[in-house]
file protein-v3.txt (compact mmCIF, C-alpha atoms and all ligand atoms)
# COMPACT_ATOMS: atom_id res chain seq x y z
CA MET A 1 0.55 206.71 74.14
CA PHE A 2 -1.28 204.03 76.12
CA ILE A 3 -2.06 204.13 79.82
CA VAL A 4 -2.62 200.93 81.77
CA PRO A 5 -3.64 202.01 85.28
CA GLU A 6 -2.64 200.14 88.42
CA ALA A 7 -6.24 199.04 89.01
CA ALA A 8 -6.36 197.24 85.65
CA ILE A 9 -3.18 195.17 86.11
CA GLY A 10 -4.69 192.41 88.26
CA GLY A 11 -7.34 191.60 85.67
CA LEU A 12 -4.82 191.40 82.86
CA ILE A 13 -1.68 189.49 83.78
CA THR A 14 -1.57 186.10 85.48
CA PRO A 15 1.28 184.81 87.64
CA GLU A 16 1.93 182.25 84.87
CA ALA A 17 2.35 184.99 82.24
CA SER A 18 4.64 186.89 84.64
CA PHE A 19 6.71 183.73 85.11
CA ASP A 20 7.09 183.26 81.34
CA ALA A 21 8.08 186.91 80.81
CA VAL A 22 10.69 186.83 83.59
CA GLU A 23 12.14 183.47 82.54
CA ALA A 24 12.49 184.74 78.96
CA VAL A 25 14.19 187.97 79.95
CA PHE A 26 16.66 186.20 82.27
CA ALA A 27 17.56 184.01 79.30
CA ALA A 28 17.94 187.07 77.05
CA MET A 29 20.19 188.76 79.65
CA SER A 30 22.47 185.77 79.80
CA SER A 31 22.77 185.49 76.02
CA GLY A 32 23.71 189.19 75.86
CA LYS A 33 20.53 190.26 74.06
CA ALA A 34 19.18 192.25 77.01
CA TYR A 35 21.00 194.46 79.46
CA ASN A 36 20.23 196.66 82.44
CA PHE A 37 21.43 200.23 82.76
CA PRO A 38 23.01 201.36 86.06
CA VAL A 39 20.48 201.69 88.88
CA ILE A 40 19.86 205.02 90.59
CA ARG A 41 18.39 204.99 94.10
CA GLU A 42 18.61 207.99 96.41
CA ALA A 43 17.27 209.25 99.72
CA ILE A 44 15.72 212.46 98.40
CA GLY A 45 15.66 214.29 101.74
CA HIS A 46 11.90 214.69 101.74
CA GLY A 47 9.30 212.56 103.50
CA ASP A 48 12.03 210.00 104.35
CA ALA A 49 11.55 208.78 100.78
CA LEU A 50 13.88 206.58 98.76
CA TYR A 51 13.43 207.22 95.05
CA GLY A 52 15.10 205.79 91.97
CA PHE A 53 15.12 204.31 88.47
CA LYS A 54 15.73 200.84 87.10
CA SER A 55 16.00 200.64 83.34
CA GLY A 56 17.24 198.55 80.46
CA PHE A 57 16.71 197.27 76.93
CA ASP A 58 15.86 193.84 75.56
CA ARG A 59 16.92 193.61 71.90
CA GLU A 60 14.92 190.41 71.55
CA SER A 61 11.49 191.65 72.71
CA LEU A 62 12.37 195.34 72.03
CA ALA A 63 11.20 196.24 75.55
CA LEU A 64 12.85 199.59 76.33
CA GLY A 65 12.12 201.81 79.29
CA LEU A 66 12.32 202.27 83.01
CA LYS A 67 10.61 201.66 86.29
CA SER A 68 10.63 204.69 88.53
CA GLY A 69 9.51 204.87 92.11
CA GLY A 70 10.62 203.95 95.57
CA TYR A 71 9.60 203.78 99.18
CA TRP A 72 7.54 206.37 101.09
CA PRO A 73 7.33 205.18 104.72
CA GLY A 74 4.52 207.64 105.55
CA ASN A 75 2.16 206.29 102.90
CA ALA A 76 0.53 203.60 105.04
CA ALA A 77 -0.86 206.32 107.33
CA LYS A 78 -2.41 207.93 104.23
CA GLY A 79 -4.02 204.64 103.17
CA LEU A 80 -1.48 204.16 100.38
CA THR A 81 1.10 201.43 99.69
CA ASN A 82 4.59 202.40 100.94
CA HIS A 83 6.27 201.06 97.80
CA GLN A 84 5.17 203.05 94.73
CA SER A 85 6.31 202.51 91.17
CA THR A 86 5.37 203.23 87.58
CA VAL A 87 6.81 201.75 84.39
CA ILE A 88 7.34 203.87 81.27
CA LEU A 89 7.86 201.98 78.01
CA PHE A 90 9.38 203.56 74.91
CA ASP A 91 9.22 202.59 71.24
CA ALA A 92 12.65 201.10 70.52
CA ASP A 93 12.45 202.21 66.86
CA THR A 94 11.55 205.87 67.41
CA GLY A 95 12.19 206.72 71.07
CA ARG A 96 8.58 207.90 71.42
CA VAL A 97 6.88 207.11 74.70
CA LYS A 98 4.71 204.03 74.22
CA ALA A 99 2.99 203.43 77.52
CA LEU A 100 2.61 204.34 81.18
CA VAL A 101 1.93 201.20 83.22
CA GLY A 102 1.15 200.89 86.94
CA GLY A 103 4.11 199.13 88.57
CA ASN A 104 3.02 198.15 92.09
CA LEU A 105 1.34 194.78 91.51
CA LEU A 106 3.80 194.09 88.69
CA THR A 107 6.71 194.42 91.14
CA ALA A 108 5.24 191.73 93.39
CA LEU A 109 4.45 189.46 90.44
CA ARG A 110 7.85 189.79 88.80
CA THR A 111 9.68 189.27 92.10
CA ALA A 112 7.67 186.14 92.87
CA ALA A 113 8.22 184.96 89.31
CA ALA A 114 11.99 185.30 89.73
CA SER A 115 12.19 183.03 92.76
CA ALA A 116 9.79 180.59 91.09
CA VAL A 117 12.05 180.48 88.04
CA SER A 118 14.94 179.64 90.36
CA ILE A 119 12.94 176.85 92.02
CA LYS A 120 11.98 175.41 88.64
CA HIS A 121 15.59 175.25 87.48
CA LEU A 122 17.50 174.59 90.72
CA ALA A 123 15.44 172.90 93.45
CA ARG A 124 15.54 169.14 93.92
CA LYS A 125 12.68 167.50 92.02
CA ASP A 126 11.58 165.67 95.18
CA SER A 127 11.22 168.86 97.28
CA LYS A 128 8.26 168.46 99.66
CA VAL A 129 8.59 171.17 102.32
CA LEU A 130 8.58 174.89 101.52
CA GLY A 131 10.10 177.18 104.15
CA MET A 132 9.14 180.86 104.22
CA ILE A 133 11.16 183.54 106.02
CA GLY A 134 9.21 186.80 105.94
CA ALA A 135 5.50 187.51 106.20
CA GLY A 136 5.19 190.97 104.66
CA HIS A 137 3.36 192.15 101.54
CA GLN A 138 5.55 190.18 99.12
CA SER A 139 5.44 186.90 101.02
CA ALA A 140 1.99 185.81 99.83
CA PHE A 141 2.96 186.38 96.18
CA GLN A 142 6.17 184.44 96.78
CA MET A 143 4.38 181.46 98.32
CA ARG A 144 1.73 181.31 95.58
CA ALA A 145 4.38 181.31 92.85
CA ALA A 146 6.70 178.85 94.62
CA VAL A 147 4.13 176.11 95.20
CA LYS A 148 3.47 175.81 91.46
CA GLN A 149 7.00 174.55 90.86
CA ARG A 150 7.13 171.39 92.97
CA ASP A 151 4.68 169.01 94.67
CA PHE A 152 4.99 170.64 98.07
CA GLU A 153 3.12 168.88 100.87
CA LYS A 154 3.64 171.46 103.62
CA VAL A 155 4.66 175.06 104.25
CA ILE A 156 6.62 176.07 107.35
CA GLY A 157 7.46 179.67 108.22
CA TRP A 158 9.28 182.07 110.49
CA ASN A 159 9.00 185.83 110.79
CA PHE A 160 10.84 188.45 112.83
CA HIS A 161 7.45 189.92 113.75
CA PRO A 162 5.39 186.88 114.81
CA GLU A 163 2.16 188.89 114.71
CA MET A 164 2.47 188.89 110.91
CA LEU A 165 2.55 185.07 110.63
CA PRO A 166 -1.21 184.78 109.98
CA ARG A 167 -0.54 186.06 106.44
CA LEU A 168 1.52 182.92 105.74
CA ALA A 169 -1.07 180.66 107.40
CA GLU A 170 -3.90 182.20 105.38
CA THR A 171 -1.99 182.00 102.11
CA ALA A 172 -1.10 178.34 102.71
CA GLU A 173 -4.76 177.62 103.50
CA GLU A 174 -5.82 179.34 100.26
CA LEU A 175 -3.36 177.01 98.47
CA GLY A 176 -4.69 173.92 100.25
CA LEU A 177 -1.45 173.26 102.15
CA PRO A 178 -0.88 172.75 105.88
CA PHE A 179 1.14 175.49 107.55
CA GLU A 180 3.22 175.45 110.70
CA ALA A 181 5.12 178.32 112.34
CA VAL A 182 8.54 177.01 113.38
CA ASP A 183 11.83 178.26 114.78
CA LEU A 184 14.80 178.75 112.47
CA ASP A 185 16.48 175.49 113.53
CA ARG A 186 13.45 173.50 112.40
CA LEU A 187 12.97 175.62 109.30
CA GLY A 188 16.53 174.93 108.11
CA ALA A 189 16.41 171.26 109.08
CA GLU A 190 13.07 170.48 107.40
CA ALA A 191 12.65 172.78 104.40
CA ASP A 192 13.74 171.55 100.97
CA VAL A 193 13.20 175.00 99.48
CA ILE A 194 13.52 178.23 101.48
CA VAL A 195 12.28 181.61 100.26
CA SER A 196 13.44 184.65 102.26
CA ILE A 197 11.67 187.95 101.64
CA THR A 198 12.38 190.41 104.45
CA SER A 199 13.88 193.86 104.93
CA SER A 200 16.50 192.52 107.35
CA PHE A 201 19.96 194.07 107.77
CA ASP A 202 21.33 191.10 109.76
CA ALA A 203 21.77 187.45 108.89
CA ILE A 204 18.58 185.65 109.96
CA LEU A 205 19.39 182.10 108.84
CA LYS A 206 22.73 180.60 109.86
CA ASP A 207 24.85 178.19 107.85
CA ALA A 208 24.66 175.45 110.49
CA GLN A 209 20.85 175.52 110.39
CA VAL A 210 20.55 174.55 106.72
CA LYS A 211 20.61 170.93 105.56
CA ASP A 212 22.40 169.70 102.46
CA GLY A 213 20.41 169.72 99.23
CA THR A 214 18.34 172.80 100.09
CA HIS A 215 17.50 175.41 97.49
CA LEU A 216 17.31 178.97 98.85
CA ALA A 217 15.77 181.91 97.06
CA CYS A 218 17.00 185.03 98.90
CA MET A 219 14.72 187.76 97.62
CA GLY A 220 14.74 190.49 100.26
CA THR A 221 18.28 191.83 99.91
CA ASP A 222 18.22 194.49 97.22
CA THR A 223 20.24 197.29 98.85
CA LYS A 224 23.74 197.74 100.22
CA GLY A 225 23.85 196.58 103.84
CA LYS A 226 20.78 194.32 103.78
CA GLN A 227 21.30 190.65 104.66
CA GLU A 228 19.10 187.60 105.19
CA VAL A 229 21.51 184.66 105.53
CA GLU A 230 24.95 184.17 107.02
CA ALA A 231 27.83 184.81 104.62
CA ALA A 232 29.17 181.31 105.42
CA LEU A 233 25.97 179.85 103.96
CA VAL A 234 26.46 181.85 100.76
CA ALA A 235 30.04 180.55 100.69
CA ARG A 236 28.85 176.94 101.10
CA ALA A 237 26.21 177.26 98.36
CA THR A 238 26.48 177.36 94.61
CA VAL A 239 25.21 180.88 93.98
CA PHE A 240 22.98 181.87 91.08
CA THR A 241 21.56 185.33 90.46
CA ASP A 242 19.62 187.52 88.08
CA GLU A 243 22.63 189.82 87.52
CA VAL A 244 26.13 189.29 88.91
CA ALA A 245 26.95 193.01 89.20
CA GLN A 246 23.92 193.56 91.46
CA SER A 247 24.47 190.33 93.39
CA THR A 248 27.97 191.36 94.49
CA THR A 249 27.05 194.95 95.38
CA ILE A 250 23.42 195.12 96.58
CA GLY A 251 22.41 191.45 96.72
CA GLU A 252 22.74 188.70 99.29
CA ALA A 253 26.22 187.80 98.02
CA GLN A 254 27.61 191.27 98.86
CA HIS A 255 28.73 190.16 102.35
CA ALA A 256 30.42 186.93 101.26
CA VAL A 257 32.19 188.85 98.49
CA ALA A 258 33.30 191.62 100.89
CA GLN A 259 34.69 188.95 103.25
CA GLY A 260 36.55 187.21 100.41
CA LEU A 261 34.43 184.04 100.74
CA LYS A 262 33.06 184.31 97.17
CA GLN A 263 34.13 186.09 94.03
CA ALA A 264 32.03 187.52 91.22
CA GLY A 265 33.41 184.78 88.96
CA ASP A 266 31.88 182.10 91.22
CA ILE A 267 28.34 183.44 90.73
CA VAL A 268 26.24 182.10 87.87
CA GLU A 269 23.48 183.96 86.04
CA ILE A 270 20.24 181.99 86.23
CA GLY A 271 19.81 182.77 82.53
CA ALA A 272 22.80 180.52 81.77
CA VAL A 273 20.92 177.62 83.37
CA ILE A 274 17.71 178.49 81.49
CA ASN A 275 19.68 178.61 78.22
CA GLY A 276 21.36 175.26 78.95
CA ASP A 277 24.82 176.84 79.17
CA HIS A 278 25.22 175.84 82.83
CA PRO A 279 24.01 172.53 84.27
CA GLY A 280 22.50 174.15 87.40
CA ARG A 281 22.27 171.78 90.38
CA SER A 282 24.94 169.07 90.11
CA SER A 283 23.93 166.74 92.96
CA ASP A 284 21.13 166.09 95.46
CA GLY A 285 23.41 167.21 98.29
CA GLU A 286 24.39 170.55 96.77
CA ILE A 287 23.02 173.74 98.27
CA THR A 288 21.82 176.11 95.58
CA LEU A 289 21.13 179.75 96.41
CA PHE A 290 19.39 182.21 94.11
CA ASP A 291 20.29 185.80 94.90
CA GLY A 292 17.26 187.65 93.50
CA THR A 293 18.27 191.29 93.47
CA GLY A 294 15.52 192.55 91.15
CA VAL A 295 16.50 194.03 87.78
CA GLY A 296 14.79 196.64 85.62
CA LEU A 297 14.43 194.21 82.74
CA GLN A 298 12.06 192.10 84.85
CA ASP A 299 9.82 195.15 85.23
CA LEU A 300 9.94 195.94 81.53
CA ALA A 301 9.18 192.31 80.63
CA VAL A 302 6.00 192.13 82.71
CA ALA A 303 4.94 195.67 81.75
CA GLN A 304 5.31 194.81 78.07
CA ALA A 305 3.24 191.65 78.59
CA VAL A 306 0.52 193.67 80.37
CA LEU A 307 0.49 196.30 77.64
CA ASP A 308 0.05 193.67 74.93
CA LEU A 309 -2.87 192.13 76.86
CA ALA A 310 -4.45 195.54 77.57
CA ILE A 311 -4.34 196.50 73.88
CA GLU A 312 -5.68 193.07 72.83
CA ARG A 313 -8.61 193.37 75.27
CA GLY A 314 -9.33 197.01 74.52
CA VAL A 315 -8.65 198.24 78.07
CA ALA A 316 -5.52 200.30 77.40
CA GLN A 317 -6.41 204.01 77.45
CA ASP A 318 -5.08 205.65 74.27
CA VAL A 319 -4.02 209.24 74.96
CA ALA A 320 -2.78 211.75 72.37
CA PHE A 321 0.68 212.83 73.56
P1 LIG A 401 6.96 194.50 104.15
O1 LIG A 401 7.31 195.81 104.76
O2 LIG A 401 5.55 194.22 103.82
O3 LIG A 401 7.50 193.29 105.08
C1 LIG A 401 8.79 193.35 105.65
C2 LIG A 401 9.22 191.97 106.11
O4 LIG A 401 10.53 192.07 106.67
C3 LIG A 401 8.33 191.40 107.21
O5 LIG A 401 8.34 190.00 107.12
C4 LIG A 401 9.04 191.87 108.47
O6 LIG A 401 8.72 191.10 109.62
C5 LIG A 401 10.49 191.66 108.04
N1 LIG A 401 11.41 192.45 108.84
C6 LIG A 401 11.34 193.76 109.12
N2 LIG A 401 12.38 194.13 109.88
C7 LIG A 401 13.12 193.02 110.10
C8 LIG A 401 14.32 192.75 110.82
N3 LIG A 401 14.96 193.70 111.48
N4 LIG A 401 14.79 191.49 110.80
C9 LIG A 401 14.16 190.50 110.12
N5 LIG A 401 13.02 190.69 109.42
C10 LIG A 401 12.51 191.94 109.43
O7 LIG A 401 7.89 194.40 102.86
P2 LIG A 401 7.67 193.55 101.53
O8 LIG A 401 6.96 194.39 100.53
O9 LIG A 401 7.13 192.21 101.85
O10 LIG A 401 9.18 193.44 101.02
C11 LIG A 401 10.10 192.65 101.74
C12 LIG A 401 11.50 192.94 101.23
O11 LIG A 401 11.62 192.54 99.88
C13 LIG A 401 11.90 194.41 101.26
O12 LIG A 401 13.19 194.50 101.84
C14 LIG A 401 11.95 194.83 99.82
O13 LIG A 401 12.91 195.83 99.56
C15 LIG A 401 12.34 193.52 99.16
N6 LIG A 401 11.98 193.42 97.75
C16 LIG A 401 12.86 192.85 96.91
C17 LIG A 401 12.56 192.75 95.55
C18 LIG A 401 13.54 192.08 94.62
O14 LIG A 401 13.34 192.13 93.42
N7 LIG A 401 14.56 191.44 95.11
C19 LIG A 401 11.34 193.21 95.07
C20 LIG A 401 10.41 193.72 95.98
C21 LIG A 401 10.74 193.84 97.33

call {"tool": "encode", "arguments": {"input": "protein-v3.txt", "output": "structure tokens", "more": "lines below"}}
Ligand code: NAD
result
Amino acid sequence: MFIVPEAAIGGLITPEASFDAVEAVFAAMSSGKAYNFPVIREAIGHGDALYGFKSGFDRESLALGLKSGGYWPGNAAKGLTNHQSTVILFDADTGRVKALVGGNLLTALRTAAASAVSIKHLARKDSKVLGMIGAGHQSAFQMRAAVKQRDFEKVIGWNFHPEMLPRLAETAEELGLPFEAVDLDRLGAEADVIVSITSSFDAILKDAQVKDGTHLACMGTDTKGKQEVEAALVARATVFTDEVAQSTTIGEAQHAVAQGLKQAGDIVEIGAVINGDHPGRSSDGEITLFDGTGVGLQDLAVAQAVLDLAIERGVAQDVAF
């Protein structure tokens, strides 16, 4: 069995390789070659922790396994990241454990890759202004991945906690782009692409604030009850997702579906667009919304890519097991 520790991940996988792995697995999901198993996520009644498993199998790449971990709110005080996860890969031919791979950085990379895949396939080609809602840990990864997909000239941003906005300003500076903190009216009126990545439980962005032709990547809502945009905006948009079952239950579309404004059958898997089975955006005025709920197969795809690189470069620790 190989071990690829968390500390080694950053030196192995690039955002570009993460993008390729995630795009490929979304395509495999849509063509029925890869599927996710039901997600388990529980409050374990200890340390306020949420713990769970995301798992699946890709018959094309033979990636089989699970990501296990969750959220420990007390970790920051211990100098640790609140979100903790580890990926375990199994040999699809024998069932033997193949590798233990650190999952923290991979989670950020695969989540940023997912919204970037949506921008590549759904945003208007002439998109110039990137709008960011959210300034937490994930937001910098999201911005770095998003700007590779279009010739953005400016980043604008809003955050519920304004004291966190410097993270967006610093990331934009690192990318050589001007940044401006704006209110939500300006964000919706000016941004061509909007990425939301917050832990909000109330609609932040309202339907009336968003101009025609915008592409939204709603990435924060991954649990029942969470919400980043008004259900009326989801209803107005053509909605794409990683997995329809998650979109309607734990994703951004859950509220529009519960209110009868959208149905599961209206929501398109992004993999169908990647595979050429759905045309994607149909006009410059259409609002496209990617509901990125986060699926186990994304984790397996990037973990498999890291493992291959670690073995190739001789940095995977081989342990008798
Ligand atoms: P973080 O704790 O570092 O940042 C939280 C962000 O949410 C900050 O911008 C904060 O200001 C904002 N926020 C907090 N409370 C809010 C409120 N009441 N209203 C509006 N905004 C509020 O978290 P992070 O690591 O950046 O993750 C952000 C979110 O993304 C989390 O909800 C996490 O579960 C989700 N996430 C989703 C995926 C996926 O695949 N879809 C993957 C990773 C993380």

call {"tool": "closest_atom_pairs", "arguments": {"input": "protein-v3.txt", "of": "chain A", "to": "ligand LIG 401 (chain A)", "cutoff": "7 Å", "atoms": "only C-alpha atoms and all ligand atoms", "output": "Markdown table"}}
result
| residue | atom | partner | partner_atom | distance |
| --- | --- | --- | --- | --- |
| A:Thr107 | CA | A:LIG401 | C20 | 6.1 |
| A:Ala108 | CA | A:LIG401 | C20 | 6.1 |
| A:Thr111 | CA | A:LIG401 | O14 | 4.8 |
| A:Gly134 | CA | A:LIG401 | O5 | 3.5 |
| A:Ala135 | CA | A:LIG401 | O5 | 3.9 |
| A:Gly136 | CA | A:LIG401 | O3 | 3.3 |
| A:His137 | CA | A:LIG401 | O2 | 3.8 |
| A:Gln138 | CA | A:LIG401 | O9 | 3.8 |
| A:Ser139 | CA | A:LIG401 | O9 | 5.6 |
| A:Asn159 | CA | A:LIG401 | O6 | 5.4 |
| A:Phe160 | CA | A:LIG401 | N5 | 4.6 |
| A:His161 | CA | A:LIG401 | O6 | 4.5 |
| A:Met164 | CA | A:LIG401 | O6 | 6.8 |
| A:Ile197 | CA | A:LIG401 | O11 | 4.9 |
| A:Thr198 | CA | A:LIG401 | O4 | 3.3 |
| A:Ser199 | CA | A:LIG401 | O12 | 3.2 |
| A:Ser200 | CA | A:LIG401 | N4 | 4.0 |
| A:Phe201 | CA | A:LIG401 | N3 | 6.2 |
| A:Asp202 | CA | A:LIG401 | N4 | 6.6 |
| A:Ile204 | CA | A:LIG401 | C9 | 6.6 |
| A:Met219 | CA | A:LIG401 | N7 | 4.5 |
| A:Gly220 | CA | A:LIG401 | O11 | 3.8 |
| A:Thr221 | CA | A:LIG401 | O12 | 6.1 |
| A:Asp222 | CA | A:LIG401 | N7 | 5.2 |
| A:Gly292 | CA | A:LIG401 | N7 | 4.9 |
| A:Thr293 | CA | A:LIG401 | N7 | 4.1 |
| A:Gly294 | CA | A:LIG401 | O14 | 3.2 |
| A:Val295 | CA | A:LIG401 | O14 | 6.7 |

call {"tool": "atom_distance", "arguments": {"input": "protein-v3.txt", "atom1": "atom CA of A:Gly95", "atom2": "atom CA of A:Leu66"}}
result
12.7 Å

call {"tool": "closest_residue", "arguments": {"input": "protein-v3.txt", "among": "A:Thr288, A:Ser55, A:Asn75, A:Ser68", "to": "A:Gly213", "atoms": "only C-alpha atoms"}}
result
A:Thr288

call {"tool": "closest_atom_pairs", "arguments": {"input": "protein-v3.txt", "of": "stretch 121-221 of chain A", "to": "stretch 12-35 of chain A", "cutoff": "9 Å", "atoms": "only C-alpha atoms", "output": "JSON lines"}}
result
{"residue": "A:Phe141", "atom": "CA", "partner": "A:Pro15", "partner_atom": "CA", "distance": 8.8}
{"residue": "A:Arg144", "atom": "CA", "partner": "A:Pro15", "partner_atom": "CA", "distance": 8.7}
{"residue": "A:Ala145", "atom": "CA", "partner": "A:Pro15", "partner_atom": "CA", "distance": 7.0}

call {"tool": "atom_distance", "arguments": {"input": "protein-v3.txt", "atom1": "atom CA of A:Pro5", "atom2": "atom CA of A:Gly74"}}
result
22.6 Å

call {"tool": "closest_residue", "arguments": {"input": "protein-v3.txt", "among": "A:Ile3, A:Ala49, A:Leu106, A:Ile274", "to": "A:Asp299", "atoms": "only C-alpha atoms"}}
result
A:Leu106

call {"tool": "residues_around", "arguments": {"input": "protein-v3.txt", "residues": "A:Leu216", "least_positions_apart": "3", "cutoff": "6 Å", "atoms": "all atoms listed in the file", "output": "ChimeraX atom specification"}}
result
/A:193-195,289

call {"tool": "write_last_selection", "arguments": {"input": "protein-v3.txt", "atoms": "C-alpha atoms", "output": "mmCIF file, in the frame of the given file"}}
result
data_model
loop_
_atom_site.group_PDB
_atom_site.id
_atom_site.type_symbol
_atom_site.label_atom_id
_atom_site.label_comp_id
_atom_site.auth_asym_id
_atom_site.auth_seq_id
_atom_site.Cartn_x
_atom_site.Cartn_y
_atom_site.Cartn_z
ATOM 1 C CA VAL A 193 13.200 175.000 99.480
ATOM 2 C CA ILE A 194 13.520 178.230 101.480
ATOM 3 C CA VAL A 195 12.280 181.610 100.260
ATOM 4 C CA LEU A 289 21.130 179.750 96.410
#

call {"tool": "atom_distance", "arguments": {"input": "protein-v3.txt", "atom1": "atom CA of A:Gly69", "atom2": "atom CA of A:Ala245"}}
result
21.3 Å

call {"tool": "residues_around", "arguments": {"input": "protein-v3.txt", "residues": "stretch 149-152 of chain A", "least_positions_apart": "3", "cutoff": "7 Å", "atoms": "only C-alpha atoms", "output": "PyMOL selection string"}}
result
chain A and resi 116+119-120+125+127-130+146

call {"tool": "closest_residue", "arguments": {"input": "protein-v3.txt", "among": "A:Leu105, A:Ala310, A:Ala169, A:Val319", "to": "A:Gln84", "atoms": "all atoms listed in the file"}}
result
A:Leu105

call {"tool": "closest_residue", "arguments": {"input": "protein-v3.txt", "among": "A:Ala235, A:Ala92, A:Ala258, A:Val147", "to": "A:Ala123", "atoms": "all atoms listed in the file"}}
result
A:Val147

call {"tool": "closest_residue", "arguments": {"input": "protein-v3.txt", "among": "A:Thr249, A:Thr94, A:Asn104, A:Ser118", "to": "A:Thr81", "atoms": "all atoms listed in the file"}}
result
A:Asn104

call {"tool": "closest_residue", "arguments": {"input": "protein-v3.txt", "among": "A:Val210, A:Cys218, A:Val302, A:Leu165", "to": "A:Leu233", "atoms": "all atoms listed in the file"}}
result
A:Val210

call {"tool": "residues_around", "arguments": {"input": "protein-v3.txt", "residues": "A:Lys67", "least_positions_apart": "5", "cutoff": "10 Å", "atoms": "only C-alpha atoms", "output": "ChimeraX atom specification"}}
result
/A:52-56,85-89,100-103,107,295-300,303

call {"tool": "residues_around", "arguments": {"input": "protein-v3.txt", "residues": "A:Asp183", "least_positions_apart": "4", "cutoff": "12 Å", "atoms": "all atoms listed in the file", "output": "PyMOL selection string"}}
result
chain A and resi 131-133+156-160+162+187-191+204-205+209

call {"tool": "decode", "arguments": {"input": "protein-v3.txt", "residues": "stretch 238-243 of chain A", "atoms": "all heavy atoms", "output": "compact mmCIF listing (two decimals), in the first residue's frame"}}
result
# COMPACT_ATOMS: atom_id res chain seq x y z
N THR A 238 -30.73 28.46 -16.39
CA THR A 238 -30.61 27.07 -16.83
C THR A 238 -29.59 26.44 -15.88
O THR A 238 -28.47 26.94 -15.74
CB THR A 238 -30.11 26.98 -18.28
OG1 THR A 238 -30.97 27.78 -19.08
CG2 THR A 238 -30.13 25.55 -18.78
N VAL A 239 -30.03 25.39 -15.17
CA VAL A 239 -29.20 24.85 -14.09
C VAL A 239 -28.45 23.60 -14.53
O VAL A 239 -29.03 22.67 -15.11
CB VAL A 239 -30.07 24.54 -12.84
CG1 VAL A 239 -29.22 23.96 -11.72
CG2 VAL A 239 -30.78 25.80 -12.36
N PHE A 240 -27.16 23.62 -14.26
CA PHE A 240 -26.27 22.49 -14.53
C PHE A 240 -25.69 22.06 -13.18
O PHE A 240 -25.61 22.85 -12.24
CB PHE A 240 -25.14 22.92 -15.48
CG PHE A 240 -25.65 23.42 -16.80
CD1 PHE A 240 -26.11 24.73 -16.95
CD2 PHE A 240 -25.70 22.58 -17.91
CE1 PHE A 240 -26.60 25.19 -18.17
CE2 PHE A 240 -26.18 23.03 -19.14
CZ PHE A 240 -26.64 24.34 -19.27
N THR A 241 -25.25 20.82 -13.10
CA THR A 241 -24.72 20.35 -11.82
C THR A 241 -23.73 19.22 -12.04
O THR A 241 -23.61 18.69 -13.16
CB THR A 241 -25.89 19.88 -10.91
OG1 THR A 241 -25.39 19.62 -9.60
CG2 THR A 241 -26.54 18.61 -11.44
N ASP A 242 -23.04 18.85 -10.94
CA ASP A 242 -22.20 17.66 -11.02
C ASP A 242 -23.08 16.41 -10.98
O ASP A 242 -22.95 15.51 -11.79
CB ASP A 242 -21.13 17.65 -9.91
CG ASP A 242 -21.63 18.16 -8.56
OD1 ASP A 242 -22.86 18.10 -8.30
OD2 ASP A 242 -20.80 18.62 -7.77
N GLU A 243 -24.03 16.37 -10.01
CA GLU A 243 -24.94 15.22 -9.90
C GLU A 243 -26.33 15.69 -9.52
O GLU A 243 -26.50 16.37 -8.49
CB GLU A 243 -24.40 14.24 -8.85
CG GLU A 243 -25.17 12.94 -8.86
CD GLU A 243 -24.67 11.98 -7.80
OE1 GLU A 243 -25.13 12.08 -6.66
OE2 GLU A 243 -23.82 11.15 -8.13
